[in-house]
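S.K.: Before we start, here is the structure in question, set down as structure tokens.
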Amino acid sequence: MTQHLRTQVAIIGGGPSGLLLGQLLGLQGIDTLILERQTRAHVLSRIRAGVLETGTVDVLRRAGCADRLEREGFIHHGTMISCDDDQFRIDFEALTGQSVTVYGQTEVTRDLYDARDTLGHPTLHEVGDVAIHDVETDTPAVHLTHGGRKVQITCDYVVGCDGYHGVSRQTIPGDKRQEFEKVYPFGWLGVLSETPPVEDELLYASSARGFALCSMRNENLSRYYIQCPAKTTAEAWSDAAFWEELQRRLPQDVAARLITGTTVEKSVAQLRSFVVEPMQWGRLFLCGDAAHIVPPTGAKGLNTAVGDVHYLSDALIQRYADGCTKALEGYSATALARVWKAERFSWWMTSLLHHVPAQSSFDTRMQTAEIAFLRANRAAQTVLAQNYVGLPF
Ligand code: RFL
Ligand code: PHB
């Protein structure tokens, strides 16, 4: 037996993009149905982003999901950058008048699920075989399996918020879709440890042995990353080996202060830049990692996803308020203009701070010279700070 459902906006993917879109639309009385492949517990167990732009916090506030963030998040007015033993600070507040908030993506997602529970709008978890149909007509549909049954959903619009490995992007015909990609010859090995952070602010560390990042979640929960070979697995790294390698990449005085301990999570992420154009096809729209990926160095992935959701939610709200589809038609162009700027910044920060064994001595000197310029030049620091705190929507 096939179950038939009807909604206004079918959202594929219950990660931060899908949940935030559902919340912003739900608050305006627009029905959404979220279709998520994993269990809620699985989605909430993924440790990912940690840095939120001011604009992201504003959108979460508009979604009614910023109360805990404002209580528990940490405002950072700057960040540290080091090159071997030399260390300097980028003062966001002085350079841009803005700051960022350190609050984990896991917590953002939890707040969004709680808000959806309060709204009472439906989410189907553990869906399978999701297939999108007829988005070039006025009656699109999504077919899937759920709990051993076939489900057919009719809707006005389909939004693909299903991340990089999702199915939505592939619905755009191959001859109408252009993909831009750069795969970096390295990854990040990340650990979460129940230890106090080594610094009050984040530290982005460049060293001849490769990049390292000291980040945090709260006073007793630290997040550290080291650049690693692309094919490394987390299992190949003991805690002791991780801490030793991290210490070797940090300035000596910082390494001496590092408190190590048992890690509670360890994972490897491949670094990639990716964009698909266009971000819409007929009545299908893409948001977040479904349409673009950045290497995490600039902390832009989640923030760029929130930018997409901001544009698309406004366009859909306008469409349901007065029937005007102008903003919907312009969604891809509007979103892509901001996406490419985040791509450029993330690529630049990644290229500046990472080292690969095969790189030429000339390239190494270029990195050293650029970091030295950044250290001494207020205009260069302002450009970094403006991008890091987030470009305006
Ligand atoms: P997600 O989070 O991948 O969610 C997609 C959801 O879709 C589901 N799904 C499907 N559901 C139904 N049917 C299918 N066929 C489906 N296929 C997939 C998945 O199960 C999932 O629940 O995408 P979304 O919502 O667009 O959110 C994007 C962010 O998660 C991502 O951009 C950030 O995590 C990137 N990122 C960072 N971003 C920042 O802004 N600041 C940071 O500091 C930051 N640090 C990071 C990061 C990403 C990292 N990794 C692991 C790649 C640090 C790391 C290490
Ligand atoms: C994190 O805390 O997970 C984090 C912070 C900054 C980044 C990437 C990841 O650039």
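Chain identifiers are assigned as A, B, and so on, following the order in which chains appear in the structure tokens; residues are numbered from 1 within each chain, and ligands are numbered from 1 in order of appearance.
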Mind running chain A against ligand 1 at 8 Å and telling me each contacting residue's nearest atom pair with the distance in Å (one decimal), counting only C-alpha atoms and all ligand atoms, chain and number ascending, as a Markdown table?
M.R.:
```
| residue | atom | partner | partner_atom_place_in_ligand_line | distance |
| --- | --- | --- | --- | --- |
| A:Ile12 | CA | ligand 1 | 12 (C) | 5.2 |
| A:Gly13 | CA | ligand 1 | 7 (O) | 3.4 |
| A:Gly14 | CA | ligand 1 | 22 (O) | 4.8 |
| A:Gly15 | CA | ligand 1 | 4 (O) | 3.7 |
| A:Pro16 | CA | ligand 1 | 25 (O) | 4.0 |
| A:Ser17 | CA | ligand 1 | 25 (O) | 3.8 |
| A:Gly18 | CA | ligand 1 | 25 (O) | 5.8 |
| A:Leu19 | CA | ligand 1 | 25 (O) | 7.6 |
| A:Leu35 | CA | ligand 1 | 12 (C) | 5.4 |
| A:Glu36 | CA | ligand 1 | 11 (N) | 3.8 |
| A:Arg37 | CA | ligand 1 | 11 (N) | 3.9 |
| A:Gln38 | CA | ligand 1 | 20 (O) | 5.1 |
| A:Val43 | CA | ligand 1 | 22 (O) | 5.4 |
| A:Arg46 | CA | ligand 1 | 51 (C) | 7.8 |
| A:Ile47 | CA | ligand 1 | 51 (C) | 6.9 |
| A:Arg48 | CA | ligand 1 | 53 (C) | 4.4 |
| A:Ala49 | CA | ligand 1 | 44 (C) | 3.2 |
| A:Gly50 | CA | ligand 1 | 43 (O) | 4.2 |
| A:Val51 | CA | ligand 1 | 43 (O) | 4.4 |
| A:Leu52 | CA | ligand 1 | 40 (O) | 6.3 |
| A:Glu53 | CA | ligand 1 | 40 (O) | 7.9 |
| A:Gln105 | CA | ligand 1 | 34 (O) | 6.8 |
| A:Glu126 | CA | ligand 1 | 12 (C) | 7.8 |
| A:Val127 | CA | ligand 1 | 12 (C) | 6.2 |
| A:Gly128 | CA | ligand 1 | 13 (N) | 6.4 |
| A:Asp129 | CA | ligand 1 | 15 (N) | 6.9 |
| A:Val130 | CA | ligand 1 | 13 (N) | 5.5 |
| A:Cys161 | CA | ligand 1 | 26 (O) | 5.4 |
| A:Asp162 | CA | ligand 1 | 7 (O) | 3.3 |
| A:Gly163 | CA | ligand 1 | 3 (O) | 3.8 |
| A:Tyr164 | CA | ligand 1 | 3 (O) | 6.3 |
| A:His165 | CA | ligand 1 | 17 (N) | 5.7 |
| A:Gly166 | CA | ligand 1 | 17 (N) | 3.6 |
| A:Val167 | CA | ligand 1 | 15 (N) | 5.0 |
| A:Ser168 | CA | ligand 1 | 15 (N) | 7.5 |
| A:Trp188 | CA | ligand 1 | 55 (C) | 6.9 |
| A:Leu189 | CA | ligand 1 | 55 (C) | 7.9 |
| A:Gly190 | CA | ligand 1 | 55 (C) | 6.5 |
| A:Ser267 | CA | ligand 1 | 51 (C) | 7.8 |
| A:Val268 | CA | ligand 1 | 51 (C) | 7.3 |
| A:Ala269 | CA | ligand 1 | 51 (C) | 5.3 |
| A:Gln270 | CA | ligand 1 | 52 (C) | 7.3 |
| A:Leu271 | CA | ligand 1 | 52 (C) | 7.7 |
| A:Cys287 | CA | ligand 1 | 26 (O) | 6.1 |
| A:Gly288 | CA | ligand 1 | 26 (O) | 3.5 |
| A:Asp289 | CA | ligand 1 | 26 (O) | 4.0 |
| A:Ala290 | CA | ligand 1 | 26 (O) | 6.0 |
| A:Ile293 | CA | ligand 1 | 32 (O) | 6.7 |
| A:Val294 | CA | ligand 1 | 35 (C) | 7.4 |
| A:Pro295 | CA | ligand 1 | 52 (C) | 7.6 |
| A:Pro296 | CA | ligand 1 | 47 (C) | 4.9 |
| A:Thr297 | CA | ligand 1 | 45 (N) | 7.6 |
| A:Gly298 | CA | ligand 1 | 41 (N) | 7.3 |
| A:Ala299 | CA | ligand 1 | 41 (N) | 3.4 |
| A:Lys300 | CA | ligand 1 | 40 (O) | 3.9 |
| A:Gly301 | CA | ligand 1 | 32 (O) | 3.3 |
| A:Leu302 | CA | ligand 1 | 40 (O) | 3.3 |
| A:Asn303 | CA | ligand 1 | 40 (O) | 4.1 |
| A:Thr304 | CA | ligand 1 | 40 (O) | 6.6 |
| A:Ala305 | CA | ligand 1 | 26 (O) | 5.5 |
```
S.K.: Between CA of Gly187 in chain A and CA of Thr232 in chain A, what is the distance, to one decimal in Å?
M.R.: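 Computing it gives 7.9 Å between the two atoms.
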S.K.: According to DSSP computed on the backbone, where in range 242-366 of chain A is there helix (DSSP H, G or I)? Give the residues as a PyMOL selection string.
M.R.: chain A and resi 242-249+252-257+288-290+296-298+301-322+326-329+331-353+361-366
S.K.: Would you pick out the contacts of Gly104 in chain A at 7 Å or less, using only C-alpha atoms, so that residues sharing its chain but fewer than 2 positions from it are not included, and give the list as a ChimeraX atom specification?
M.R.: /A:49-50,102,106-108,217
S.K.: Record the distance separating CA of Ala10 in chain A and CA of Gly55 in chain A, expressed in Å with one decimal.
M.R.: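 Rounded to one decimal, the two atoms are 25.6 Å apart.
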S.K.: Could you pull the residues within 10 Å of Gly97 in chain A, counting only C-alpha atoms, minus those fewer than 5 positions along the same chain, as an NGL selection string?
M.R.: :A and (77 or 91-92 or 385-386 or 389)
